[in-house]
>>> print(open('target_11.pdb').read())   # PDB, C-alpha atoms
ATOM      1  CA  MET L   1      53.704  -4.927  39.379
ATOM      2  CA  GLY L   2      55.630  -3.978  36.258
ATOM      3  CA  LEU L   3      59.294  -4.584  35.625
ATOM      4  CA  ILE L   4      61.713  -3.396  32.962
ATOM      5  CA  LYS L   5      65.104  -4.823  32.082
ATOM      6  CA  VAL L   6      67.691  -2.599  30.406
ATOM      7  CA  ASN L   7      70.190  -4.273  28.098
ATOM      8  CA  ASN L   8      73.366  -2.360  28.943
ATOM      9  CA  SER L   9      75.241  -3.626  25.889
ATOM     10  CA  ARG L  10      72.665  -1.967  23.598
ATOM     11  CA  CYS L  11      72.035   1.224  25.613
ATOM     12  CA  LYS L  12      73.742   4.320  24.204
ATOM     13  CA  SER L  13      72.750   6.680  27.057
ATOM     14  CA  CYS L  14      70.466   8.960  25.050
ATOM     15  CA  TYR L  15      68.193   9.289  28.152
ATOM     16  CA  ILE L  16      64.972   9.429  26.101
ATOM     17  CA  CYS L  17      63.518   6.838  28.519
ATOM     18  CA  VAL L  18      64.453   9.006  31.521
ATOM     19  CA  ASN L  19      62.427  11.877  30.061
ATOM     20  CA  THR L  20      59.587   9.626  28.845
ATOM     21  CA  CYS L  21      58.610   7.637  31.984
ATOM     22  CA  PRO L  22      55.490   9.404  33.325
ATOM     23  CA  LYS L  23      56.349   8.337  36.873
ATOM     24  CA  GLY L  24      60.060   9.117  36.733
ATOM     25  CA  LEU L  25      61.105   5.562  37.599
ATOM     26  CA  ILE L  26      64.111   5.482  35.245
ATOM     27  CA  LYS L  27      67.157   7.414  36.393
ATOM     28  CA  LYS L  28      70.730   7.985  35.394
ATOM     29  CA  SER L  29      73.006   5.582  37.292
ATOM     30  CA  ASN L  30      76.617   5.826  38.380
ATOM     31  CA  LYS L  31      77.633   2.852  36.211
ATOM     32  CA  THR L  32      79.295   3.594  32.886
ATOM     33  CA  ASN L  33      79.446   1.635  29.661
ATOM     34  CA  ARG L  34      82.591   1.058  27.625
ATOM     35  CA  LEU L  35      82.320   4.534  26.101
ATOM     36  CA  GLY L  36      82.179   6.223  29.505
ATOM     37  CA  ASP L  37      78.527   7.239  29.266
ATOM     38  CA  TYR L  38      76.382   6.917  32.376
ATOM     39  CA  LEU L  39      73.831   4.128  31.981
ATOM     40  CA  VAL L  40      70.250   4.196  33.256
ATOM     41  CA  GLU L  41      68.740   2.218  36.113
ATOM     42  CA  PHE L  42      65.198   1.209  36.993
ATOM     43  CA  ASP L  43      64.282   2.408  40.474
ATOM     44  CA  ASP L  44      60.794   1.249  41.509
ATOM     45  CA  LYS L  45      60.792   0.896  45.294
ATOM     46  CA  ASN L  46      57.042   1.514  45.697
ATOM     47  CA  ASN L  47      55.897  -0.790  42.848
ATOM     48  CA  GLU L  48      54.563   2.105  40.814
ATOM     49  CA  CYS L  49      55.391   0.737  37.337
ATOM     50  CA  VAL L  50      52.268  -0.315  35.411
ATOM     51  CA  ALA L  51      54.187  -1.695  32.395
ATOM     52  CA  CYS L  52      52.853   0.937  29.985
ATOM     53  CA  ALA L  53      55.949   0.284  27.815
ATOM     54  CA  MET L  54      56.240   3.920  26.759
ATOM     55  CA  CYS L  55      59.970   3.833  27.585
ATOM     56  CA  ALA L  56      60.458   0.749  25.413
ATOM     57  CA  LYS L  57      58.434   2.158  22.522
ATOM     58  CA  ARG L  58      60.570   5.300  22.427
ATOM     59  CA  CYS L  59      63.916   3.534  22.997
ATOM     60  CA  PRO L  60      65.779   3.832  19.676
ATOM     61  CA  ASP L  61      68.140   0.982  20.511
ATOM     62  CA  LEU L  62      65.637  -1.689  21.624
ATOM     63  CA  ALA L  63      67.478  -1.849  24.945
ATOM     64  CA  ILE L  64      64.364  -2.086  27.165
ATOM     65  CA  GLU L  65      62.218  -5.165  27.757
ATOM     66  CA  VAL L  66      58.999  -4.823  29.741
ATOM     67  CA  TYR L  67      57.357  -7.518  31.918
ATOM     68  CA  LYS L  68      54.125  -7.584  33.856
TER      69      LYS L  68
ATOM     70  CA  MET X  69      56.078 -12.635  34.714
ATOM     71  CA  GLN X  70      54.745 -12.177  31.233
ATOM     72  CA  ALA X  71      56.664 -10.187  28.617
ATOM     73  CA  VAL X  72      54.727  -7.077  27.548
ATOM     74  CA  PHE X  73      57.371  -5.701  25.206
ATOM     75  CA  SER X  74      60.361  -7.553  23.820
ATOM     76  CA  THR X  75      62.643  -7.568  20.800
ATOM     77  CA  PRO X  76      60.855  -8.646  17.575
ATOM     78  CA  LYS X  77      61.648 -12.196  16.466
ATOM     79  CA  SER X  78      62.808 -11.126  13.013
ATOM     80  CA  MET X  79      65.680  -9.137  14.539
ATOM     81  CA  LYS X  80      69.012 -10.905  14.829
ATOM     82  CA  GLU X  81      69.766 -12.126  18.350
ATOM     83  CA  ASP X  82      73.069 -10.341  18.870
ATOM     84  CA  PHE X  83      72.431  -7.169  16.851
ATOM     85  CA  LYS X  84      73.722  -3.800  17.973
ATOM     86  CA  PHE X  85      72.481  -0.721  16.152
ATOM     87  CA  THR X  86      75.207   1.362  14.528
ATOM     88  CA  PHE X  87      73.041   4.500  14.685
ATOM     89  CA  CYS X  88      73.982   7.516  16.819
ATOM     90  CA  PRO X  89      72.466   7.825  20.325
ATOM     91  CA  GLY X  90      68.894   9.110  20.139
ATOM     92  CA  CYS X  91      68.464   8.502  16.388
ATOM     93  CA  ASP X  92      64.928   7.501  15.374
ATOM     94  CA  HIS X  93      66.192   4.996  12.785
ATOM     95  CA  GLY X  94      66.114   2.280  15.456
ATOM     96  CA  ILE X  95      62.389   2.828  16.073
ATOM     97  CA  ALA X  96      61.675   2.599  12.326
ATOM     98  CA  VAL X  97      63.627  -0.679  12.082
ATOM     99  CA  ARG X  98      61.705  -2.036  15.078
ATOM    100  CA  LEU X  99      58.341  -1.145  13.492
ATOM    101  CA  VAL X 100      59.348  -2.904  10.259
ATOM    102  CA  ALA X 101      60.504  -5.980  12.216
ATOM    103  CA  GLU X 102      57.279  -6.079  14.245
ATOM    104  CA  LEU X 103      55.171  -5.914  11.065
ATOM    105  CA  ILE X 104      57.190  -8.688   9.435
ATOM    106  CA  ASP X 105      56.433 -10.767  12.547
ATOM    107  CA  GLU X 106      52.744  -9.833  12.605
ATOM    108  CA  LEU X 107      52.163 -10.492   8.898
ATOM    109  CA  ASN X 108      54.285 -13.685   9.134
ATOM    110  CA  LEU X 109      56.545 -12.624   6.258
ATOM    111  CA  LYS X 110      59.957 -13.497   7.674
ATOM    112  CA  GLU X 111      60.696 -16.434   5.358
ATOM    113  CA  ASN X 112      59.185 -14.699   2.342
ATOM    114  CA  THR X 113      60.805 -11.257   2.451
ATOM    115  CA  ILE X 114      63.628  -9.700   0.452
ATOM    116  CA  CYS X 115      64.781  -6.237   1.480
ATOM    117  CA  SER X 116      66.627  -3.786  -0.739
ATOM    118  CA  THR X 117      68.783  -1.546   1.434
ATOM    119  CA  CYS X 118      70.391   1.711   0.478
ATOM    120  CA  VAL X 119      73.645   3.522   1.061
ATOM    121  CA  GLY X 120      73.413   5.822   4.058
ATOM    122  CA  CYS X 121      72.781   5.455   7.775
ATOM    123  CA  SER X 122      70.636   2.363   7.145
ATOM    124  CA  VAL X 123      73.322   0.600   5.098
ATOM    125  CA  PHE X 124      73.833  -2.122   7.730
ATOM    126  CA  LEU X 125      70.166  -3.119   7.850
ATOM    127  CA  TYR X 126      71.130  -6.707   6.989
ATOM    128  CA  ASP X 127      73.092  -6.821  10.244
ATOM    129  CA  PHE X 128      69.954  -6.078  12.276
ATOM    130  CA  LEU X 129      67.136  -7.893  10.476
ATOM    131  CA  ASN X 130      67.232 -11.653  10.075
ATOM    132  CA  ILE X 131      65.880 -11.564   6.508
ATOM    133  CA  ASP X 132      67.395 -11.699   3.024
ATOM    134  CA  CYS X 133      68.754  -8.350   1.824
ATOM    135  CA  VAL X 134      70.107  -6.969  -1.438
ATOM    136  CA  GLU X 135      72.570  -4.102  -1.110
ATOM    137  CA  ALA X 136      71.749  -1.621  -3.859
ATOM    138  CA  PRO X 137      74.108   1.037  -5.253
ATOM    139  CA  HIS X 138      73.547   4.552  -3.973
ATOM    140  CA  GLY X 139      69.966   5.638  -4.662
ATOM    141  CA  ARG X 140      69.063   2.550  -6.672
ATOM    142  CA  ALA X 141      67.213   0.550  -4.025
ATOM    143  CA  CYS X 142      63.859   0.923  -5.820
ATOM    144  CA  ALA X 143      65.435  -0.170  -9.124
ATOM    145  CA  SER X 144      67.019  -3.228  -7.457
ATOM    146  CA  ALA X 145      63.728  -4.018  -5.737
ATOM    147  CA  THR X 146      61.950  -3.831  -9.106
ATOM    148  CA  GLY X 147      64.266  -6.506 -10.474
ATOM    149  CA  VAL X 148      63.884  -8.674  -7.379
ATOM    150  CA  LYS X 149      60.077  -8.398  -7.452
ATOM    151  CA  ARG X 150      59.757  -9.061 -11.192
ATOM    152  CA  THR X 151      61.871 -12.217 -10.957
ATOM    153  CA  ASN X 152      60.278 -13.335  -7.659
ATOM    154  CA  PRO X 153      56.666 -12.099  -7.793
ATOM    155  CA  GLU X 154      55.645 -14.327  -4.883
ATOM    156  CA  LYS X 155      58.143 -12.673  -2.514
ATOM    157  CA  PHE X 156      57.460  -9.668  -0.323
ATOM    158  CA  VAL X 157      59.925  -6.927  -1.361
ATOM    159  CA  PHE X 158      60.524  -3.619   0.379
ATOM    160  CA  THR X 159      63.167  -0.910   0.338
ATOM    161  CA  TYR X 160      64.494   1.009   3.338
ATOM    162  CA  GLN X 161      66.139   4.280   2.361
ATOM    163  CA  GLY X 162      67.083   7.712   3.636
ATOM    164  CA  ASP X 163      65.990  11.000   2.120
ATOM    165  CA  GLY X 164      69.356  11.688   0.505
ATOM    166  CA  ASP X 165      69.193   8.243  -1.091
ATOM    167  CA  PHE X 166      65.516   8.242  -2.096
ATOM    168  CA  ALA X 167      64.941  11.892  -3.011
ATOM    169  CA  SER X 168      68.329  13.146  -4.181
ATOM    170  CA  ILE X 169      70.609  10.566  -5.728
ATOM    171  CA  GLY X 170      67.863   8.087  -6.562
ATOM    172  CA  PHE X 171      64.932  10.402  -7.240
ATOM    173  CA  ALA X 172      64.680   9.311 -10.882
ATOM    174  CA  GLU X 173      64.615   5.625  -9.939
ATOM    175  CA  SER X 174      62.171   6.204  -7.086
ATOM    176  CA  MET X 175      59.751   8.333  -9.109
ATOM    177  CA  HIS X 176      59.768   5.983 -12.082
ATOM    178  CA  THR X 177      59.184   2.989  -9.815
ATOM    179  CA  ALA X 178      56.089   4.785  -8.524
ATOM    180  CA  ILE X 179      55.023   5.851 -12.037
ATOM    181  CA  ARG X 180      55.351   2.277 -13.305
ATOM    182  CA  GLY X 181      53.329   1.115 -10.311
ATOM    183  CA  GLU X 182      55.771  -1.600  -9.308
ATOM    184  CA  ASN X 183      54.264  -3.831  -6.672
ATOM    185  CA  ILE X 184      56.797  -3.056  -3.929
ATOM    186  CA  SER X 185      56.836  -1.103  -0.670
ATOM    187  CA  ALA X 186      59.270   1.759  -0.043
ATOM    188  CA  ILE X 187      60.199   3.390   3.256
ATOM    189  CA  CYS X 188      62.024   6.722   3.277
ATOM    190  CA  ILE X 189      63.507   8.126   6.498
ATOM    191  CA  ASN X 190      63.529  11.920   6.239
ATOM    192  CA  ASN X 191      65.976  13.637   8.622
ATOM    193  CA  THR X 192      66.573  16.727   6.396
ATOM    194  CA  THR X 193      70.310  16.040   5.958
ATOM    195  CA  PHE X 194      72.783  13.588   4.498
ATOM    196  CA  GLY X 195      73.315  11.986   7.909
ATOM    197  CA  MET X 196      76.093   9.449   7.381
ATOM    198  CA  THR X 197      78.428  11.758   5.463
ATOM    199  CA  GLY X 198      78.357  14.538   8.059
ATOM    200  CA  GLY X 199      75.127  16.493   7.776
ATOM    201  CA  GLN X 200      75.353  18.140   4.368
ATOM    202  CA  LEU X 201      72.418  19.935   2.769
ATOM    203  CA  GLY X 202      69.951  17.431   1.346
ATOM    204  CA  PRO X 203      66.893  17.774  -0.873
ATOM    205  CA  THR X 204      64.613  17.950   2.183
ATOM    206  CA  THR X 205      66.619  20.518   4.190
ATOM    207  CA  LEU X 206      64.253  23.179   5.506
ATOM    208  CA  MET X 207      64.449  26.826   4.426
ATOM    209  CA  GLY X 208      66.891  28.659   6.705
ATOM    210  CA  GLN X 209      68.323  25.441   8.166
ATOM    211  CA  VAL X 210      72.075  25.525   8.783
ATOM    212  CA  THR X 211      74.036  22.497   7.577
ATOM    213  CA  THR X 212      77.738  21.931   6.881
ATOM    214  CA  THR X 213      77.253  22.921   3.222
ATOM    215  CA  SER X 214      74.769  25.731   3.886
ATOM    216  CA  PRO X 215      76.500  27.573   6.752
ATOM    217  CA  PHE X 216      74.269  30.650   6.407
ATOM    218  CA  GLY X 217      71.056  28.661   6.129
ATOM    219  CA  ARG X 218      69.171  27.393   3.094
ATOM    220  CA  ASN X 219      67.934  30.173   0.821
ATOM    221  CA  LYS X 220      65.901  29.938  -2.365
ATOM    222  CA  GLU X 221      68.366  31.886  -4.513
ATOM    223  CA  TYR X 222      71.233  29.452  -4.069
ATOM    224  CA  TYR X 223      69.756  26.137  -2.921
ATOM    225  CA  GLY X 224      66.119  26.201  -4.020
ATOM    226  CA  TYR X 225      63.213  24.749  -2.102
ATOM    227  CA  PRO X 226      62.872  21.457  -0.178
ATOM    228  CA  VAL X 227      61.117  18.539  -1.897
ATOM    229  CA  LYS X 228      57.939  17.116  -0.375
ATOM    230  CA  ILE X 229      58.384  13.476  -1.192
ATOM    231  CA  ALA X 230      55.100  11.946  -0.028
ATOM    232  CA  GLU X 231      53.015  14.468  -2.006
ATOM    233  CA  GLN X 232      55.152  13.969  -5.131
ATOM    234  CA  ILE X 233      54.834  10.179  -4.930
ATOM    235  CA  ALA X 234      51.068  10.500  -4.343
ATOM    236  CA  LEU X 235      50.715  12.282  -7.708
ATOM    237  CA  CYS X 236      51.936   9.191  -9.593
ATOM    238  CA  ASP X 237      49.219   6.983 -11.057
ATOM    239  CA  GLY X 238      50.993   3.772 -10.053
ATOM    240  CA  THR X 239      51.027   4.655  -6.365
ATOM    241  CA  ALA X 240      48.544   2.785  -4.207
ATOM    242  CA  PHE X 241      49.463   4.274  -0.856
ATOM    243  CA  SER X 242      51.496   7.318   0.143
ATOM    244  CA  ALA X 243      51.709   8.773   3.633
ATOM    245  CA  ARG X 244      53.931  10.858   5.859
ATOM    246  CA  VAL X 245      54.392   9.986   9.522
ATOM    247  CA  ALA X 246      56.721  11.013  12.360
ATOM    248  CA  LEU X 247      58.390   9.291  15.312
ATOM    249  CA  ASP X 248      58.636  12.110  17.842
ATOM    250  CA  THR X 249      55.845  11.030  20.205
ATOM    251  CA  ILE X 250      54.146   7.754  21.163
ATOM    252  CA  PRO X 251      50.906   8.556  19.209
ATOM    253  CA  HIS X 252      52.975   9.377  16.135
ATOM    254  CA  ILE X 253      54.924   6.106  16.527
ATOM    255  CA  ASN X 254      51.622   4.179  16.655
ATOM    256  CA  GLN X 255      50.356   6.034  13.551
ATOM    257  CA  ALA X 256      53.648   5.264  11.792
ATOM    258  CA  LYS X 257      53.126   1.560  12.419
ATOM    259  CA  GLN X 258      49.598   1.700  10.977
ATOM    260  CA  ALA X 259      50.845   3.535   7.871
ATOM    261  CA  LEU X 260      53.655   1.015   7.380
ATOM    262  CA  LYS X 261      51.146  -1.812   7.728
ATOM    263  CA  LYS X 262      48.989  -0.300   4.965
ATOM    264  CA  ALA X 263      52.025   0.169   2.716
ATOM    265  CA  PHE X 264      52.861  -3.511   3.238
ATOM    266  CA  GLU X 265      49.276  -4.644   2.694
ATOM    267  CA  VAL X 266      48.856  -2.852  -0.647
ATOM    268  CA  GLN X 267      51.764  -4.925  -1.909
ATOM    269  CA  LEU X 268      50.308  -8.157  -0.515
ATOM    270  CA  LYS X 269      46.993  -7.315  -2.256
ATOM    271  CA  GLY X 270      48.819  -6.420  -5.498
ATOM    272  CA  LEU X 271      47.470  -2.858  -5.689
ATOM    273  CA  GLY X 272      50.733  -1.122  -6.587
ATOM    274  CA  PHE X 273      53.467   1.013  -5.061
ATOM    275  CA  GLY X 274      53.241   1.595  -1.298
ATOM    276  CA  PHE X 275      55.240   4.457   0.171
ATOM    277  CA  VAL X 276      55.782   5.854   3.669
ATOM    278  CA  GLU X 277      57.923   8.886   4.467
ATOM    279  CA  ILE X 278      59.020   8.899   8.112
ATOM    280  CA  LEU X 279      60.150  12.167   9.719
ATOM    281  CA  SER X 280      63.098  11.280  11.922
ATOM    282  CA  SER X 281      65.420  13.221  14.191
ATOM    283  CA  CYS X 282      69.182  13.494  13.671
ATOM    284  CA  PRO X 283      70.595  14.805  16.981
ATOM    285  CA  THR X 284      74.235  14.462  15.913
ATOM    286  CA  ASN X 285      74.035  16.534  12.745
ATOM    287  CA  TRP X 286      71.515  18.995  14.137
ATOM    288  CA  HIS X 287      73.829  19.509  17.179
ATOM    289  CA  MET X 288      71.025  18.938  19.674
ATOM    290  CA  THR X 289      70.169  16.561  22.509
ATOM    291  CA  PRO X 290      67.696  13.795  21.547
ATOM    292  CA  GLU X 291      64.818  15.566  23.325
ATOM    293  CA  GLU X 292      65.656  18.909  21.682
ATOM    294  CA  ALA X 293      65.744  17.140  18.319
ATOM    295  CA  HIS X 294      62.259  15.701  18.902
ATOM    296  CA  GLU X 295      61.025  19.198  19.817
ATOM    297  CA  TRP X 296      62.549  20.481  16.580
ATOM    298  CA  VAL X 297      60.728  17.770  14.613
ATOM    299  CA  LYS X 298      57.483  18.874  16.277
ATOM    300  CA  ASN X 299      57.976  22.635  15.942
ATOM    301  CA  SER X 300      59.873  23.017  12.660
ATOM    302  CA  MET X 301      59.559  19.879  10.523
ATOM    303  CA  ILE X 302      55.898  18.920  10.952
ATOM    304  CA  PRO X 303      54.576  22.435   9.988
ATOM    305  CA  GLU X 304      56.729  22.272   6.829
ATOM    306  CA  PHE X 305      56.066  18.579   6.090
ATOM    307  CA  PRO X 306      52.441  18.004   7.179
ATOM    308  CA  LEU X 307      51.621  14.514   8.407
ATOM    309  CA  GLY X 308      48.861  12.501   6.794
ATOM    310  CA  THR X 309      47.845  10.079   4.069
ATOM    311  CA  PHE X 310      48.016  11.602   0.605
ATOM    312  CA  LYS X 311      46.831   8.635  -1.441
ATOM    313  CA  ASP X 312      45.116   5.443  -0.376
ATOM    314  CA  LEU X 313      43.647   3.071  -2.937
ATOM    315  CA  THR X 314      42.799   0.353  -0.435
ATOM    316  CA  GLU X 315      39.283   1.747   0.011
ATOM    317  CA  VAL X 316      38.383   2.625  -3.591
ATOM    318  CA  GLY X 317      40.152  -0.130  -5.546
ATOM    319  CA  VAL X 318      42.758  -0.001  -8.268
ATOM    320  CA  ASN X 319      43.135   2.472 -11.149
ATOM    321  CA  LYS X 320      42.746   0.320 -14.231
TER     322      LYS X 320
END
>>> encode(input="target_11.pdb", output="structure tokens")
Amino acid sequence: MGLIKVNNSRCKSCYICVNTCPKGLIKKSNKTNRLGDYLVEFDDKNNECVACAMCAKRCPDLAIEVYK
Amino acid sequence: MQAVFSTPKSMKEDFKFTFCPGCDHGIAVRLVAELIDELNLKENTICSTCVGCSVFLYDFLNIDCVEAPHGRACASATGVKRTNPEKFVFTYQGDGDFASIGFAESMHTAIRGENISAICINNTTFGMTGGQLGPTTLMGQVTTTSPFGRNKEYYGYPVKIAEQIALCDGTAFSARVALDTIPHINQAKQALKKAFEVQLKGLGFGFVEILSSCPTNWHMTPEEAHEWVKNSMIPEFPLGTFKDLTEVGVNK
């Protein structure tokens, strides 16, 4: 239902979104950015995301876009 | 699919924030950009930026900016507004810039009742220069220049900016907000909107103090820093609106 896209060039791996998502759909991934920090990935196998945009509102780097 | 949340149009397309990971500055810049979009001010705005963490604001926002000397953003904005009264003019400053180096300029801009809006990001330290003790550092807080904590004998007390600005007769709106939770972010946007609207209505000086986290200089993770804002900063700097002339009209 909902979908988020993470802009990896803006993400600084602060993991605020990981702690914010009420359903725990955002996780640390194994991919790293140019600084060696582990990026985040959106993992929504059961279509649980309702596009509440709480992750995007708390993202300090405007790295998350939300679609519904 | 329909976009529910996307980058504001008044941000530059290829911007990358120069703030540290987890810093709340980015949220404050987003709120300002969203309001410029909502109030349709993009072509009519001049921003006066400060020296500090927000010094590269002109790299993020696609609006005209004046780079003021350290602490003098309100003074520069006064000149810009007096020569261009039809423009929308706001300043974006940190607490070290607004309340320490430029406190005289900031206070006198409020006392004169200049028709501009000012935003002050309060993170209790001089963030860009390495976390030195600032005017808003809390009692007992350890910084690089107060290694045993702030005490009243040596460093004095922290300044409460929003209350001080609210005492000035020229102020039309003064509020303190925080960015640690989603409800506080929504309240911050409403306060910023009022500070912008008092200028558009010509009521006087609009001011918003935003409590922000500084994970790097506080030596915390971003979530710990938000907890510290909630547990230590907000009891010391209470949130709320301290002056609002939009309901009762102008002091004349």
>>> atom_distance(input="target_11.pdb", atom1="CA of Glu231 in chain X", atom2="CA of Phe275 in chain X")
10.5 Å
>>> interface_residues(input="target_11.pdb", of="chain X", to="chain L", cutoff="12 Å", atoms="only C-alpha atoms", output="JSON, numbers by chain")
{"X": [69, 70, 71, 72, 73, 74, 75, 76, 79, 80, 81, 82, 83, 84, 85, 86, 87, 88, 89, 90, 91, 92, 93, 94, 95, 96, 97, 98, 99, 101, 102, 128, 247, 248, 249, 250, 251, 252, 253, 254, 257, 280, 281, 282, 283, 284, 288, 289, 290, 291, 292, 293, 294]}
>>> residues_around(input="target_11.pdb", residues="Lys262 in chain X", least_positions_apart="6", cutoff="10 Å", atoms="only C-alpha atoms", output="NGL selection string")
:X and (185 or 240-243 or 256 or 268 or 274-276 or 312 or 314)
>>> resolve_selection(input="target_11.pdb", expression="the PyMOL selection byres ((chain X and resi 224) around 12)", output="PyMOL selection string")
chain X and resi 201-208+214+217-223+225-227
>>> resolve_selection(input="target_11.pdb", expression="the PyMOL selection byres ((chain L and resi 42) around 10)", output="PyMOL selection string")
chain L and resi 3-6+18+24-29+40-41+43-45+49
>>> atom_distance(input="target_11.pdb", atom1="CA of Asn152 in chain X", atom2="CA of Lys77 in chain X")
24.2 Å
>>> closest_residue(input="target_11.pdb", among="X:Gln232, X:Asn285, X:Glu173, X:Asp165", to="Gln200 in chain X", atoms="only C-alpha atoms")
X:Asn285
>>> atom_distance(input="target_11.pdb", atom1="CA of Gln209 in chain X", atom2="CA of Gly170 in chain X")
22.8 Å
>>> resolve_selection(input="target_11.pdb", expression="the PyMOL selection byres ((chain X and resi 164) around 8)", output="ChimeraX atom specification")
/X:120,139,162-163,165-169,193-194,202-203
>>> residues_near_point(input="target_11.pdb", point="(56.9, -8.1, 6.0)", cutoff="6 Å", atoms="all atoms listed in the file", output="ChimeraX atom specification")
/X:103-104,109
>>> residues_around(input="target_11.pdb", residues="Thr239 in chain X", least_positions_apart="6", cutoff="12 Å", atoms="all atoms listed in the file", output="compact mmCIF listing (two decimals) with C-alpha atoms, in the coordinates of the input")
# COMPACT_ATOMS: atom_id res chain seq x y z
CA SER X 174 62.17 6.20 -7.09
CA MET X 175 59.75 8.33 -9.11
CA HIS X 176 59.77 5.98 -12.08
CA THR X 177 59.18 2.99 -9.82
CA ALA X 178 56.09 4.78 -8.52
CA ILE X 179 55.02 5.85 -12.04
CA ARG X 180 55.35 2.28 -13.30
CA GLY X 181 53.33 1.12 -10.31
CA GLU X 182 55.77 -1.60 -9.31
CA ASN X 183 54.26 -3.83 -6.67
CA ILE X 184 56.80 -3.06 -3.93
CA SER X 185 56.84 -1.10 -0.67
CA ALA X 186 59.27 1.76 -0.04
CA ALA X 230 55.10 11.95 -0.03
CA GLU X 231 53.02 14.47 -2.01
CA GLN X 232 55.15 13.97 -5.13
CA ILE X 233 54.83 10.18 -4.93
CA ALA X 263 52.02 0.17 2.72
CA VAL X 266 48.86 -2.85 -0.65
CA GLN X 267 51.76 -4.92 -1.91
CA GLY X 270 48.82 -6.42 -5.50
CA LEU X 271 47.47 -2.86 -5.69
CA GLY X 272 50.73 -1.12 -6.59
CA PHE X 273 53.47 1.01 -5.06
CA GLY X 274 53.24 1.60 -1.30
CA PHE X 275 55.24 4.46 0.17
CA VAL X 276 55.78 5.85 3.67
CA PHE X 310 48.02 11.60 0.60
CA LYS X 311 46.83 8.64 -1.44
CA ASP X 312 45.12 5.44 -0.38
CA LEU X 313 43.65 3.07 -2.94
CA THR X 314 42.80 0.35 -0.44
CA GLY X 317 40.15 -0.13 -5.55
CA VAL X 318 42.76 0.00 -8.27
CA ASN X 319 43.14 2.47 -11.15
>>> decode(input="target_11.pdb", residues="range 7-11 of chain L", atoms="all heavy atoms", output="mmCIF file, in the first residue's frame")
data_model
loop_
_atom_site.group_PDB
_atom_site.id
_atom_site.type_symbol
_atom_site.label_atom_id
_atom_site.label_comp_id
_atom_site.auth_asym_id
_atom_site.auth_seq_id
_atom_site.Cartn_x
_atom_site.Cartn_y
_atom_site.Cartn_z
ATOM 1 N N ASN L 7 16.908 8.124 -0.493
ATOM 2 C CA ASN L 7 17.946 8.696 -1.345
ATOM 3 C C ASN L 7 19.302 8.436 -0.679
ATOM 4 O O ASN L 7 19.665 9.102 0.294
ATOM 5 C CB ASN L 7 17.686 10.197 -1.508
ATOM 6 C CG ASN L 7 18.634 10.847 -2.477
ATOM 7 O OD1 ASN L 7 19.740 10.364 -2.677
ATOM 8 N ND2 ASN L 7 18.203 11.938 -3.077
ATOM 9 N N ASN L 8 20.040 7.449 -1.202
ATOM 10 C CA ASN L 8 21.268 7.033 -0.533
ATOM 11 C C ASN L 8 22.370 8.094 -0.587
ATOM 12 O O ASN L 8 23.282 8.073 0.234
ATOM 13 C CB ASN L 8 21.795 5.738 -1.159
ATOM 14 C CG ASN L 8 20.947 4.555 -0.749
ATOM 15 O OD1 ASN L 8 20.190 4.647 0.205
ATOM 16 N ND2 ASN L 8 21.060 3.463 -1.467
ATOM 17 N N SER L 9 22.281 9.022 -1.541
ATOM 18 C CA SER L 9 23.323 10.050 -1.591
ATOM 19 C C SER L 9 23.117 11.101 -0.502
ATOM 20 O O SER L 9 24.038 11.825 -0.145
ATOM 21 C CB SER L 9 23.361 10.706 -2.967
ATOM 22 O OG SER L 9 22.191 11.433 -3.182
ATOM 23 N N ARG L 10 21.880 11.205 0.032
ATOM 24 C CA ARG L 10 21.633 12.169 1.111
ATOM 25 C C ARG L 10 21.706 11.512 2.482
ATOM 26 O O ARG L 10 21.946 12.195 3.476
ATOM 27 C CB ARG L 10 20.242 12.795 0.947
ATOM 28 C CG ARG L 10 20.145 13.775 -0.195
ATOM 29 C CD ARG L 10 18.787 14.449 -0.152
ATOM 30 N NE ARG L 10 18.471 15.089 -1.414
ATOM 31 C CZ ARG L 10 17.237 15.393 -1.789
ATOM 32 N NH1 ARG L 10 16.220 15.099 -1.008
ATOM 33 N NH2 ARG L 10 17.017 15.986 -2.931
ATOM 34 N N CYS L 11 21.460 10.222 2.568
ATOM 35 C CA CYS L 11 21.388 9.535 3.875
ATOM 36 C C CYS L 11 22.749 9.567 4.565
ATOM 37 O O CYS L 11 23.778 9.312 3.949
ATOM 38 C CB CYS L 11 20.944 8.098 3.670
ATOM 39 S SG CYS L 11 20.893 7.153 5.203
#
